>>> print(open('run-v3.cif').read())   # mmCIF, C-alpha atoms and all ligand atoms
data_upload
#
loop_
_atom_site.group_PDB
_atom_site.id
_atom_site.type_symbol
_atom_site.label_atom_id
_atom_site.label_comp_id
_atom_site.auth_asym_id
_atom_site.auth_seq_id
_atom_site.Cartn_x
_atom_site.Cartn_y
_atom_site.Cartn_z
ATOM 1 C CA MET A 1 -94.562 20.185 -34.697
ATOM 2 C CA ALA A 2 -97.303 18.412 -36.609
ATOM 3 C CA ARG A 3 -97.903 14.752 -35.866
ATOM 4 C CA ILE A 4 -99.968 11.873 -37.094
ATOM 5 C CA ILE A 5 -102.304 10.760 -34.345
ATOM 6 C CA ALA A 6 -104.153 7.946 -36.072
ATOM 7 C CA GLY A 7 -104.860 6.069 -39.272
ATOM 8 C CA VAL A 8 -108.227 5.155 -40.699
ATOM 9 C CA SER A 9 -108.911 2.720 -43.495
ATOM 10 C CA SER A 10 -112.182 2.268 -45.253
ATOM 11 C CA SER A 11 -113.692 1.093 -48.490
ATOM 12 C CA HIS A 12 -114.805 3.838 -50.861
ATOM 13 C CA VAL A 13 -117.602 2.068 -52.746
ATOM 14 C CA PRO A 14 -119.358 4.563 -55.073
ATOM 15 C CA ALA A 15 -122.773 3.041 -54.318
ATOM 16 C CA ILE A 16 -122.311 4.096 -50.671
ATOM 17 C CA GLY A 17 -122.136 7.682 -51.889
ATOM 18 C CA ALA A 18 -125.215 7.156 -54.048
ATOM 19 C CA ALA A 19 -127.094 5.700 -51.056
ATOM 20 C CA ILE A 20 -126.264 8.849 -49.050
ATOM 21 C CA ASP A 21 -127.100 11.229 -51.875
ATOM 22 C CA ASN A 22 -130.412 9.488 -52.622
ATOM 23 C CA LYS A 23 -131.362 9.202 -48.917
ATOM 24 C CA ARG A 24 -131.425 5.419 -48.871
ATOM 25 C CA THR A 25 -129.264 4.938 -45.779
ATOM 26 C CA GLU A 26 -132.187 3.654 -43.698
ATOM 27 C CA GLU A 27 -133.001 0.838 -46.098
ATOM 28 C CA PRO A 28 -132.043 -2.505 -44.475
ATOM 29 C CA TYR A 29 -129.359 -3.304 -47.075
ATOM 30 C CA TRP A 30 -127.595 0.014 -46.502
ATOM 31 C CA LYS A 31 -128.345 0.365 -42.811
ATOM 32 C CA ARG A 32 -126.183 -2.715 -42.218
ATOM 33 C CA VAL A 33 -123.281 -0.868 -43.855
ATOM 34 C CA PHE A 34 -123.785 2.579 -42.319
ATOM 35 C CA SER A 35 -124.405 1.256 -38.812
ATOM 36 C CA GLY A 36 -120.804 0.031 -38.818
ATOM 37 C CA PHE A 37 -119.557 3.617 -39.041
ATOM 38 C CA GLU A 38 -121.569 5.170 -36.206
ATOM 39 C CA THR A 39 -118.823 4.426 -33.657
ATOM 40 C CA SER A 40 -116.259 5.735 -36.128
ATOM 41 C CA LYS A 41 -118.046 9.054 -36.534
ATOM 42 C CA GLU A 42 -118.135 9.436 -32.750
ATOM 43 C CA TRP A 43 -114.418 8.635 -32.591
ATOM 44 C CA MET A 44 -113.661 11.183 -35.312
ATOM 45 C CA ALA A 45 -115.785 13.859 -33.640
ATOM 46 C CA LYS A 46 -113.697 13.423 -30.488
ATOM 47 C CA ALA A 47 -110.380 13.162 -32.314
ATOM 48 C CA LYS A 48 -111.031 16.498 -34.089
ATOM 49 C CA PRO A 49 -108.002 16.344 -36.408
ATOM 50 C CA ASP A 50 -106.624 19.619 -37.729
ATOM 51 C CA VAL A 51 -105.876 18.036 -41.103
ATOM 52 C CA ALA A 52 -106.726 14.775 -42.858
ATOM 53 C CA ILE A 53 -104.472 13.207 -45.483
ATOM 54 C CA VAL A 54 -106.651 10.972 -47.649
ATOM 55 C CA VAL A 55 -104.947 8.285 -49.712
ATOM 56 C CA TYR A 56 -107.299 7.169 -52.462
ATOM 57 C CA ASN A 57 -107.383 6.424 -56.140
ATOM 58 C CA ASP A 58 -108.866 8.475 -58.912
ATOM 59 C CA HIS A 59 -111.282 6.516 -61.117
ATOM 60 C CA ALA A 60 -110.576 8.275 -64.433
ATOM 61 C CA SER A 61 -112.231 11.431 -63.065
ATOM 62 C CA ALA A 62 -109.249 13.779 -62.683
ATOM 63 C CA PHE A 63 -106.756 11.740 -64.720
ATOM 64 C CA SER A 64 -107.553 10.041 -68.011
ATOM 65 C CA VAL A 65 -105.425 7.342 -69.586
ATOM 66 C CA GLU A 66 -103.386 10.173 -71.104
ATOM 67 C CA ILE A 67 -101.668 10.934 -67.813
ATOM 68 C CA ILE A 68 -101.276 8.323 -65.084
ATOM 69 C CA PRO A 69 -99.274 9.563 -62.119
ATOM 70 C CA THR A 70 -98.310 6.843 -59.660
ATOM 71 C CA PHE A 71 -98.529 9.167 -56.663
ATOM 72 C CA ALA A 72 -100.256 12.568 -57.067
ATOM 73 C CA LEU A 73 -100.373 14.941 -54.111
ATOM 74 C CA GLY A 74 -103.018 17.660 -54.040
ATOM 75 C CA CYS A 75 -101.372 20.956 -53.104
ATOM 76 C CA ALA A 76 -104.259 23.227 -54.135
ATOM 77 C CA ALA A 77 -106.390 25.362 -51.833
ATOM 78 C CA GLU A 78 -109.532 23.468 -52.802
ATOM 79 C CA PHE A 79 -110.720 20.414 -54.681
ATOM 80 C CA PRO A 80 -114.259 20.406 -56.131
ATOM 81 C CA PRO A 81 -116.238 17.147 -56.337
ATOM 82 C CA ALA A 82 -115.906 15.544 -59.784
ATOM 83 C CA ASP A 83 -118.752 14.844 -62.167
ATOM 84 C CA GLU A 84 -118.664 11.047 -62.419
ATOM 85 C CA GLY A 85 -121.481 10.797 -64.913
ATOM 86 C CA TRP A 86 -124.466 11.907 -62.818
ATOM 87 C CA GLY A 87 -123.268 15.415 -61.980
ATOM 88 C CA PRO A 88 -120.949 16.249 -59.084
ATOM 89 C CA ARG A 89 -121.925 14.658 -55.757
ATOM 90 C CA PRO A 90 -123.811 17.100 -53.495
ATOM 91 C CA VAL A 91 -120.952 17.250 -51.010
ATOM 92 C CA PRO A 92 -118.896 20.238 -49.847
ATOM 93 C CA VAL A 93 -115.887 21.405 -51.816
ATOM 94 C CA VAL A 94 -112.821 19.885 -50.187
ATOM 95 C CA LYS A 95 -110.568 22.565 -48.724
ATOM 96 C CA GLY A 96 -106.893 21.719 -48.912
ATOM 97 C CA HIS A 97 -103.907 22.657 -46.794
ATOM 98 C CA PRO A 98 -101.432 24.013 -49.372
ATOM 99 C CA GLU A 99 -98.731 24.764 -46.834
ATOM 100 C CA LEU A 100 -98.580 21.301 -45.306
ATOM 101 C CA ALA A 101 -99.117 19.645 -48.699
ATOM 102 C CA SER A 102 -96.264 21.527 -50.357
ATOM 103 C CA HIS A 103 -94.075 20.798 -47.355
ATOM 104 C CA ILE A 104 -94.855 17.091 -47.726
ATOM 105 C CA ALA A 105 -94.121 17.295 -51.460
ATOM 106 C CA GLN A 106 -90.754 18.879 -50.819
ATOM 107 C CA SER A 107 -89.842 16.442 -48.062
ATOM 108 C CA VAL A 108 -90.808 13.210 -49.821
ATOM 109 C CA ILE A 109 -89.295 14.253 -53.161
ATOM 110 C CA LEU A 110 -86.014 15.050 -51.429
ATOM 111 C CA ASP A 111 -86.407 11.617 -49.824
ATOM 112 C CA GLU A 112 -86.463 10.214 -53.383
ATOM 113 C CA PHE A 113 -90.200 9.578 -53.764
ATOM 114 C CA ASP A 114 -90.914 11.227 -57.098
ATOM 115 C CA ILE A 115 -94.515 12.200 -56.532
ATOM 116 C CA THR A 116 -96.532 14.412 -58.865
ATOM 117 C CA VAL A 117 -97.538 17.805 -57.482
ATOM 118 C CA VAL A 118 -101.126 18.657 -58.434
ATOM 119 C CA ASN A 119 -102.262 22.260 -58.183
ATOM 120 C CA LYS A 120 -105.709 21.746 -59.700
ATOM 121 C CA MET A 121 -107.793 18.609 -59.312
ATOM 122 C CA GLU A 122 -111.335 17.394 -58.882
ATOM 123 C CA VAL A 123 -111.908 14.558 -56.434
ATOM 124 C CA ASP A 124 -114.225 11.616 -56.971
ATOM 125 C CA HIS A 125 -115.984 9.056 -54.776
ATOM 126 C CA GLY A 126 -112.640 7.510 -53.849
ATOM 127 C CA LEU A 127 -112.107 10.502 -51.573
ATOM 128 C CA THR A 128 -115.584 11.846 -50.836
ATOM 129 C CA VAL A 129 -117.199 8.559 -49.733
ATOM 130 C CA PRO A 130 -114.685 7.914 -46.912
ATOM 131 C CA LEU A 131 -115.154 11.542 -45.783
ATOM 132 C CA ASN A 132 -118.917 10.902 -45.533
ATOM 133 C CA LEU A 133 -118.374 7.669 -43.634
ATOM 134 C CA LEU A 134 -116.150 9.313 -41.025
ATOM 135 C CA PHE A 135 -117.493 12.877 -40.914
ATOM 136 C CA GLY A 136 -121.132 12.356 -41.896
ATOM 137 C CA SER A 137 -122.779 14.872 -44.226
ATOM 138 C CA PRO A 138 -121.914 18.334 -42.878
ATOM 139 C CA LYS A 139 -122.314 21.622 -44.793
ATOM 140 C CA GLU A 140 -118.532 22.017 -44.738
ATOM 141 C CA TRP A 141 -115.942 19.316 -44.104
ATOM 142 C CA PRO A 142 -114.679 19.875 -40.553
ATOM 143 C CA CYS A 143 -110.978 20.063 -41.446
ATOM 144 C CA PRO A 144 -108.693 20.666 -44.421
ATOM 145 C CA VAL A 145 -107.963 17.579 -46.499
ATOM 146 C CA ILE A 146 -104.814 16.741 -48.461
ATOM 147 C CA PRO A 147 -105.618 14.285 -51.264
ATOM 148 C CA LEU A 148 -103.005 11.723 -52.260
ATOM 149 C CA ALA A 149 -104.111 9.898 -55.398
ATOM 150 C CA VAL A 150 -102.429 6.566 -56.125
ATOM 151 C CA ASN A 151 -102.589 4.764 -59.442
ATOM 152 C CA VAL A 152 -104.226 1.384 -58.899
ATOM 153 C CA VAL A 153 -106.351 1.425 -62.053
ATOM 154 C CA MET A 154 -103.717 0.918 -64.764
ATOM 155 C CA TYR A 155 -100.819 -1.512 -64.697
ATOM 156 C CA PRO A 156 -98.342 -1.124 -63.080
ATOM 157 C CA PRO A 157 -99.552 0.067 -59.682
ATOM 158 C CA PRO A 158 -96.938 0.659 -56.982
ATOM 159 C CA THR A 159 -95.936 -2.270 -54.780
ATOM 160 C CA GLY A 160 -97.228 -2.601 -51.251
ATOM 161 C CA HIS A 161 -93.680 -2.138 -49.997
ATOM 162 C CA ARG A 162 -93.269 1.111 -51.926
ATOM 163 C CA CYS A 163 -96.565 2.340 -50.468
ATOM 164 C CA PHE A 164 -95.502 1.408 -46.950
ATOM 165 C CA MET A 165 -92.201 3.257 -47.332
ATOM 166 C CA LEU A 166 -93.981 6.303 -48.757
ATOM 167 C CA GLY A 167 -96.125 6.300 -45.619
ATOM 168 C CA LYS A 168 -92.958 6.478 -43.535
ATOM 169 C CA ALA A 169 -91.683 9.373 -45.649
ATOM 170 C CA ILE A 170 -95.001 11.192 -45.215
ATOM 171 C CA ARG A 171 -94.769 10.771 -41.468
ATOM 172 C CA LYS A 172 -91.244 12.208 -41.489
ATOM 173 C CA ALA A 173 -92.537 15.129 -43.568
ATOM 174 C CA VAL A 174 -95.468 15.796 -41.242
ATOM 175 C CA GLU A 175 -93.223 15.695 -38.188
ATOM 176 C CA SER A 176 -90.890 18.289 -39.690
ATOM 177 C CA PHE A 177 -93.715 20.760 -40.293
ATOM 178 C CA PRO A 178 -93.431 23.501 -37.693
ATOM 179 C CA GLU A 179 -97.101 24.142 -37.050
ATOM 180 C CA ASP A 180 -98.694 22.209 -34.214
ATOM 181 C CA LEU A 181 -101.205 20.125 -36.170
ATOM 182 C CA ARG A 182 -102.899 16.840 -35.320
ATOM 183 C CA VAL A 183 -103.169 14.814 -38.494
ATOM 184 C CA VAL A 184 -105.255 11.746 -39.332
ATOM 185 C CA ILE A 185 -104.301 9.724 -42.402
ATOM 186 C CA PHE A 186 -106.846 7.698 -44.380
ATOM 187 C CA GLY A 187 -106.096 4.637 -46.509
ATOM 188 C CA THR A 188 -109.070 3.862 -48.735
ATOM 189 C CA GLY A 189 -110.272 1.300 -51.259
ATOM 190 C CA GLY A 190 -110.823 -2.440 -51.182
ATOM 191 C CA MET A 191 -111.457 -4.776 -49.719
ATOM 192 C CA SER A 192 -111.821 -7.844 -51.926
ATOM 193 C CA HIS A 193 -113.822 -7.165 -55.051
ATOM 194 C CA GLN A 194 -113.834 -7.622 -58.789
ATOM 195 C CA ILE A 195 -116.171 -5.590 -60.943
ATOM 196 C CA SER A 196 -115.894 -7.286 -64.320
ATOM 197 C CA GLY A 197 -114.980 -10.516 -66.083
ATOM 198 C CA PRO A 198 -115.870 -14.114 -65.214
ATOM 199 C CA ARG A 199 -114.954 -13.598 -61.549
ATOM 200 C CA ALA A 200 -117.090 -10.459 -61.113
ATOM 201 C CA GLY A 201 -118.545 -10.359 -57.614
ATOM 202 C CA LEU A 202 -115.582 -12.176 -56.058
ATOM 203 C CA ILE A 203 -115.329 -11.696 -52.292
ATOM 204 C CA ASN A 204 -112.704 -13.395 -50.106
ATOM 205 C CA SER A 205 -113.500 -12.712 -46.470
ATOM 206 C CA LYS A 206 -110.712 -14.973 -45.227
ATOM 207 C CA PHE A 207 -108.115 -12.937 -47.108
ATOM 208 C CA ASP A 208 -109.692 -9.645 -45.995
ATOM 209 C CA LYS A 209 -109.790 -10.571 -42.309
ATOM 210 C CA ALA A 210 -106.199 -11.790 -42.348
ATOM 211 C CA PHE A 211 -105.252 -8.488 -44.021
ATOM 212 C CA LEU A 212 -107.002 -6.531 -41.249
ATOM 213 C CA ASP A 213 -105.266 -8.640 -38.575
ATOM 214 C CA ASN A 214 -101.861 -8.069 -40.102
ATOM 215 C CA LEU A 215 -102.522 -4.405 -40.746
ATOM 216 C CA THR A 216 -102.566 -4.008 -36.990
ATOM 217 C CA LYS A 217 -99.997 -6.581 -35.906
ATOM 218 C CA ASP A 218 -97.624 -7.363 -38.753
ATOM 219 C CA PRO A 219 -97.863 -4.843 -41.577
ATOM 220 C CA LYS A 220 -94.416 -5.761 -42.892
ATOM 221 C CA LYS A 221 -95.833 -9.168 -43.810
ATOM 222 C CA LEU A 222 -98.404 -7.392 -45.968
ATOM 223 C CA THR A 223 -95.697 -5.422 -47.762
ATOM 224 C CA ARG A 224 -94.448 -8.721 -49.231
ATOM 225 C CA ILE A 225 -97.750 -9.582 -50.950
ATOM 226 C CA PRO A 226 -97.159 -9.423 -54.734
ATOM 227 C CA HIS A 227 -99.686 -7.896 -57.108
ATOM 228 C CA LEU A 228 -100.661 -11.281 -58.505
ATOM 229 C CA GLU A 229 -101.621 -12.523 -55.061
ATOM 230 C CA TYR A 230 -103.947 -9.544 -54.540
ATOM 231 C CA MET A 231 -105.499 -10.206 -57.942
ATOM 232 C CA ARG A 232 -105.865 -13.933 -57.374
ATOM 233 C CA GLU A 233 -107.106 -13.812 -53.774
ATOM 234 C CA ALA A 234 -108.914 -10.474 -53.559
ATOM 235 C CA GLY A 235 -109.981 -9.844 -57.154
ATOM 236 C CA ALA A 236 -108.693 -7.381 -59.739
ATOM 237 C CA GLU A 237 -109.831 -4.344 -57.766
ATOM 238 C CA GLY A 238 -108.557 -5.817 -54.487
ATOM 239 C CA ILE A 239 -105.231 -4.270 -55.497
ATOM 240 C CA GLU A 240 -106.634 -1.034 -54.030
ATOM 241 C CA MET A 241 -105.580 -2.383 -50.651
ATOM 242 C CA VAL A 242 -101.952 -1.398 -51.292
ATOM 243 C CA MET A 243 -103.146 2.122 -50.473
ATOM 244 C CA TRP A 244 -103.906 1.043 -46.925
ATOM 245 C CA LEU A 245 -100.184 0.386 -46.514
ATOM 246 C CA ILE A 246 -99.375 4.076 -47.040
ATOM 247 C CA MET A 247 -101.611 4.825 -44.072
ATOM 248 C CA ARG A 248 -100.021 2.035 -42.031
ATOM 249 C CA GLY A 249 -96.481 3.076 -42.901
ATOM 250 C CA ALA A 250 -97.206 6.526 -41.494
ATOM 251 C CA LEU A 251 -98.059 5.076 -38.065
ATOM 252 C CA ASP A 252 -95.989 3.674 -35.216
ATOM 253 C CA ASP A 253 -94.700 0.109 -35.531
ATOM 254 C CA LYS A 254 -97.027 -0.823 -32.684
ATOM 255 C CA VAL A 255 -100.480 0.692 -32.789
ATOM 256 C CA GLU A 256 -103.692 0.380 -30.875
ATOM 257 C CA GLU A 257 -106.600 -0.986 -32.873
ATOM 258 C CA VAL A 258 -109.546 0.953 -31.512
ATOM 259 C CA TYR A 259 -112.235 -0.172 -33.922
ATOM 260 C CA ARG A 260 -112.881 -2.575 -36.777
ATOM 261 C CA PHE A 261 -115.886 -3.257 -39.000
ATOM 262 C CA TYR A 262 -116.370 -5.715 -41.823
ATOM 263 C CA THR A 263 -119.499 -6.551 -43.785
ATOM 264 C CA VAL A 264 -120.412 -8.161 -47.090
ATOM 265 C CA PRO A 265 -121.698 -7.457 -49.565
ATOM 266 C CA ALA A 266 -122.045 -3.790 -50.490
ATOM 267 C CA SER A 267 -122.477 -3.335 -54.211
ATOM 268 C CA ASN A 268 -120.654 -6.642 -54.808
ATOM 269 C CA THR A 269 -117.686 -5.645 -52.675
ATOM 270 C CA ALA A 270 -116.424 -6.394 -49.186
ATOM 271 C CA VAL A 271 -116.577 -3.337 -46.941
ATOM 272 C CA GLY A 272 -113.724 -3.168 -44.449
ATOM 273 C CA HIS A 273 -112.839 -0.458 -41.980
ATOM 274 C CA ILE A 274 -110.297 -0.058 -39.199
ATOM 275 C CA ILE A 275 -109.099 2.709 -36.880
ATOM 276 C CA LEU A 276 -105.542 2.533 -35.563
ATOM 277 C CA GLU A 277 -104.138 4.988 -33.046
ATOM 278 C CA ASN A 278 -100.529 5.801 -32.418
ATOM 279 C CA ARG A 279 -99.910 4.857 -28.817
ATOM 280 C CA GLY A 280 -98.001 8.003 -28.020
ATOM 281 C CA ARG A 281 -100.861 10.300 -28.942
ATOM 282 C CA ALA A 282 -103.145 12.136 -26.566
ATOM 283 C CA ALA A 283 -106.623 10.633 -26.242
ATOM 284 C CA PRO A 284 -109.210 12.141 -28.609
ATOM 285 C CA GLY A 285 -110.346 15.561 -27.562
ATOM 286 C CA LYS A 286 -108.055 15.685 -24.541
ATOM 287 C CA ARG A 287 -105.684 18.335 -25.713
ATOM 288 C CA ALA A 288 -104.660 20.288 -22.687
ATOM 289 C CA ALA A 289 -106.525 23.562 -23.055
ATOM 290 C CA ALA A 290 -104.105 25.247 -20.694
ATOM 291 C CA THR A 291 -101.114 24.678 -22.929
ATOM 292 C CA LYS A 292 -102.978 25.266 -26.156
ATOM 293 C CA GLY A 293 -102.727 29.061 -26.074
ATOM 294 C CA LYS A 294 -98.981 29.034 -25.452
ATOM 295 C CA ARG A 295 -98.436 26.467 -28.184
ATOM 296 C CA ARG A 296 -100.425 28.504 -30.681
ATOM 297 C CA VAL A 297 -98.292 31.618 -30.170
ATOM 298 C CA ALA A 298 -95.075 29.633 -30.656
ATOM 299 C CA THR A 299 -96.626 27.766 -33.567
ATOM 300 C CA LYS A 300 -97.695 30.934 -35.351
ATOM 301 C CA ARG A 301 -94.170 32.292 -35.125
ATOM 302 C CA ARG A 302 -92.688 29.076 -36.529
ATOM 303 C CA ALA A 303 -95.315 28.866 -39.253
ATOM 304 C CA ALA A 304 -94.689 32.467 -40.334
ATOM 305 C CA ALA A 305 -90.985 31.726 -40.583
ATOM 306 C CA HIS A 306 -91.767 28.548 -42.495
ATOM 307 C CA ARG A 307 -94.088 30.284 -44.967
ATOM 308 C CA SER A 308 -91.311 32.491 -46.188
ATOM 309 C CA ASN A 309 -89.367 29.335 -47.108
ATOM 310 C CA LEU A 310 -92.094 27.479 -48.996
ATOM 311 C CA PRO A 311 -90.828 25.649 -52.087
ATOM 312 C CA ALA A 312 -91.374 27.163 -55.502
ATOM 313 C CA ILE A 313 -93.458 24.148 -56.604
ATOM 314 C CA ARG A 314 -96.368 25.341 -54.522
ATOM 315 C CA ARG A 315 -96.571 28.585 -56.384
ATOM 316 C CA GLY A 316 -96.141 27.037 -59.828
HETATM 317 FE FE FE A 401 -111.981 2.368 -56.092
#
>>> encode(input="run-v3.cif", output="structure tokens")
Amino acid sequence: MARIIAGVSSSHVPAIGAAIDNKRTEEPYWKRVFSGFETSKEWMAKAKPDVAIVVYNDHASAFSVEIIPTFALGCAAEFPPADEGWGPRPVPVVKGHPELASHIAQSVILDEFDITVVNKMEVDHGLTVPLNLLFGSPKEWPCPVIPLAVNVVMYPPPTGHRCFMLGKAIRKAVESFPEDLRVVIFGTGGMSHQISGPRAGLINSKFDKAFLDNLTKDPKKLTRIPHLEYMREAGAEGIEMVMWLIMRGALDDKVEEVYRFYTVPASNTAVGHIILENRGRAAPGKRAAATKGKRRVATKRRAAAHRSNLPAIRRG
């Protein structure tokens, strides 16, 4: 079966993408930010996930104010980078995993999470910047990616509790997928920041660090934070942090925090990042090669059987 081996959270500041694209990563201001992800890239290179689920928000790139899905799951075979005003970012086209994505859609909808199935979508910095931070700048992304876009730009966004419970439903869905896949789930956005109004530039490191602590140790406490508290303490755009709770809900109750990084400021925001591993998982890169061949044969048989039962929504 497929399983979630770890969760990764990171900010998705657009200026980080611009710094990469314009080759400014060695400038002192940006080096401070990028140096915090060197360990993470090494961890990811060892973890070698088969699939990444990336929870992020669209910034009026794929969805305008005409259509605002609360949860939109990308079930397409590929997702091109969006033109956010300066042309599409020079990053690889994101390849999806339609089979796992449509399986997740079926499972969570039958679990009463009424997500939107998206069969065509461009992805913006909310998704591509975290991929750069964890995978670097390769010619092709090293694994398929399933985008899960969450509305946090127009009122009302989902509650933290709803996000956490959706994470649990996604885990259940992944674990009922017959193919033997190792999945990493990303929660992106945040941390504290406000980009307009009299409080523009707000950063609340105390709130952010307590959030990181509780993300590891007491995520249920975080699920009780109301929207107004995010807005008041972490700024209007701090509400993006509810997306981290989808990632956390998909993990074990008790997790191992393997890495954390926090720095301010980056483009007037607080950059936060954490890697949490499920304790029951095999260590990165230590998949037993001897059993791999046998598993693949069995997996292929199960996957072939599964393909013939894919839900109609995938083909629509
Ligand atoms: Fe954002």
>>> resolve_selection(input="run-v3.cif", expression="the PyMOL selection byres (((chain A and resi 147) around 8) and not hetatm)", output="PyMOL selection string")
chain A and resi 53-56+73-74+96+127+145-146+148-149
>>> closest_residue(input="run-v3.cif", among="A:Tyr230, A:Phe79, A:Phe113, A:Tyr155", to="A:Pro98", atoms="all atoms listed in the file")
A:Phe79
>>> atom_distance(input="run-v3.cif", atom1="atom CA of A:Gly280", atom2="atom CA of A:Phe261")
23.8 Å
>>> closest_atom_pairs(input="run-v3.cif", of="chain A", to="ligand FE 401 (chain A)", cutoff="10 Å", atoms="only C-alpha atoms and all ligand atoms", output="JSON lines")
{"residue": "A:Ser11", "atom": "CA", "partner": "A:FE401", "partner_atom": "FE", "distance": 7.9}
{"residue": "A:His12", "atom": "CA", "partner": "A:FE401", "partner_atom": "FE", "distance": 6.1}
{"residue": "A:Val13", "atom": "CA", "partner": "A:FE401", "partner_atom": "FE", "distance": 6.5}
{"residue": "A:Pro14", "atom": "CA", "partner": "A:FE401", "partner_atom": "FE", "distance": 7.8}
{"residue": "A:Tyr56", "atom": "CA", "partner": "A:FE401", "partner_atom": "FE", "distance": 7.6}
{"residue": "A:Asn57", "atom": "CA", "partner": "A:FE401", "partner_atom": "FE", "distance": 6.1}
{"residue": "A:Asp58", "atom": "CA", "partner": "A:FE401", "partner_atom": "FE", "distance": 7.4}
{"residue": "A:His59", "atom": "CA", "partner": "A:FE401", "partner_atom": "FE", "distance": 6.6}
{"residue": "A:Asp124", "atom": "CA", "partner": "A:FE401", "partner_atom": "FE", "distance": 9.6}
{"residue": "A:His125", "atom": "CA", "partner": "A:FE401", "partner_atom": "FE", "distance": 7.9}
{"residue": "A:Gly126", "atom": "CA", "partner": "A:FE401", "partner_atom": "FE", "distance": 5.6}
{"residue": "A:Leu127", "atom": "CA", "partner": "A:FE401", "partner_atom": "FE", "distance": 9.3}
{"residue": "A:Val152", "atom": "CA", "partner": "A:FE401", "partner_atom": "FE", "distance": 8.3}
{"residue": "A:Val153", "atom": "CA", "partner": "A:FE401", "partner_atom": "FE", "distance": 8.3}
{"residue": "A:Thr188", "atom": "CA", "partner": "A:FE401", "partner_atom": "FE", "distance": 8.1}
{"residue": "A:Gly189", "atom": "CA", "partner": "A:FE401", "partner_atom": "FE", "distance": 5.2}
{"residue": "A:Gly190", "atom": "CA", "partner": "A:FE401", "partner_atom": "FE", "distance": 7.0}
{"residue": "A:Met191", "atom": "CA", "partner": "A:FE401", "partner_atom": "FE", "distance": 9.6}
{"residue": "A:His193", "atom": "CA", "partner": "A:FE401", "partner_atom": "FE", "distance": 9.8}
{"residue": "A:Glu237", "atom": "CA", "partner": "A:FE401", "partner_atom": "FE", "distance": 7.2}
{"residue": "A:Gly238", "atom": "CA", "partner": "A:FE401", "partner_atom": "FE", "distance": 9.0}
{"residue": "A:Ile239", "atom": "CA", "partner": "A:FE401", "partner_atom": "FE", "distance": 9.5}
{"residue": "A:Glu240", "atom": "CA", "partner": "A:FE401", "partner_atom": "FE", "distance": 6.7}
{"residue": "A:Met241", "atom": "CA", "partner": "A:FE401", "partner_atom": "FE", "distance": 9.7}
>>> write_last_selection(input="run-v3.cif", atoms="C-alpha atoms", output="compact mmCIF listing (two decimals), in the frame of the given file")
# COMPACT_ATOMS: atom_id res chain seq x y z
CA SER A 11 -113.69 1.09 -48.49
CA HIS A 12 -114.80 3.84 -50.86
CA VAL A 13 -117.60 2.07 -52.75
CA PRO A 14 -119.36 4.56 -55.07
CA TYR A 56 -107.30 7.17 -52.46
CA ASN A 57 -107.38 6.42 -56.14
CA ASP A 58 -108.87 8.48 -58.91
CA HIS A 59 -111.28 6.52 -61.12
CA ASP A 124 -114.22 11.62 -56.97
CA HIS A 125 -115.98 9.06 -54.78
CA GLY A 126 -112.64 7.51 -53.85
CA LEU A 127 -112.11 10.50 -51.57
CA VAL A 152 -104.23 1.38 -58.90
CA VAL A 153 -106.35 1.42 -62.05
CA THR A 188 -109.07 3.86 -48.74
CA GLY A 189 -110.27 1.30 -51.26
CA GLY A 190 -110.82 -2.44 -51.18
CA MET A 191 -111.46 -4.78 -49.72
CA HIS A 193 -113.82 -7.16 -55.05
CA GLU A 237 -109.83 -4.34 -57.77
CA GLY A 238 -108.56 -5.82 -54.49
CA ILE A 239 -105.23 -4.27 -55.50
CA GLU A 240 -106.63 -1.03 -54.03
CA MET A 241 -105.58 -2.38 -50.65
>>> residues_around(input="run-v3.cif", residues="A:Glu233", least_positions_apart="2", cutoff="8 Å", atoms="only C-alpha atoms", output="short mmCIF file (atom, residue, chain, number, x, y, z; two decimals) with C-alpha atoms, keeping the file's coordinate frame")
data_model
loop_
_atom_site.label_atom_id
_atom_site.label_comp_id
_atom_site.auth_asym_id
_atom_site.auth_seq_id
_atom_site.Cartn_x
_atom_site.Cartn_y
_atom_site.Cartn_z
CA SER A 192 -111.82 -7.84 -51.93
CA ASN A 204 -112.70 -13.40 -50.11
CA PHE A 207 -108.12 -12.94 -47.11
CA GLU A 229 -101.62 -12.52 -55.06
CA TYR A 230 -103.95 -9.54 -54.54
CA MET A 231 -105.50 -10.21 -57.94
CA GLY A 235 -109.98 -9.84 -57.15
#
>>> resolve_selection(input="run-v3.cif", expression="the PyMOL selection byres (((chain A and resi 5) around 7) and not hetatm)", output="PDB file with C-alpha atoms, in the coordinates of the input")
ATOM      1  CA  ARG A   3     -97.903  14.752 -35.866  1.00  0.00           C
ATOM      2  CA  ILE A   4     -99.968  11.873 -37.094  1.00  0.00           C
ATOM      3  CA  ALA A   6    -104.153   7.946 -36.072  1.00  0.00           C
ATOM      4  CA  ARG A 182    -102.899  16.840 -35.320  1.00  0.00           C
ATOM      5  CA  VAL A 183    -103.169  14.814 -38.494  1.00  0.00           C
ATOM      6  CA  VAL A 184    -105.255  11.746 -39.332  1.00  0.00           C
ATOM      7  CA  GLU A 277    -104.138   4.988 -33.046  1.00  0.00           C
ATOM      8  CA  ASN A 278    -100.529   5.801 -32.418  1.00  0.00           C
ATOM      9  CA  ARG A 281    -100.861  10.300 -28.942  1.00  0.00           C
TER      10      ARG A 281
END
>>> resolve_selection(input="run-v3.cif", expression="the PyMOL selection byres (((chain A and resi 2) around 12) and not hetatm)", output="PyMOL selection string")
chain A and resi 1+3-5+49-52+100+103-104+170-184+281+295+299+302-303
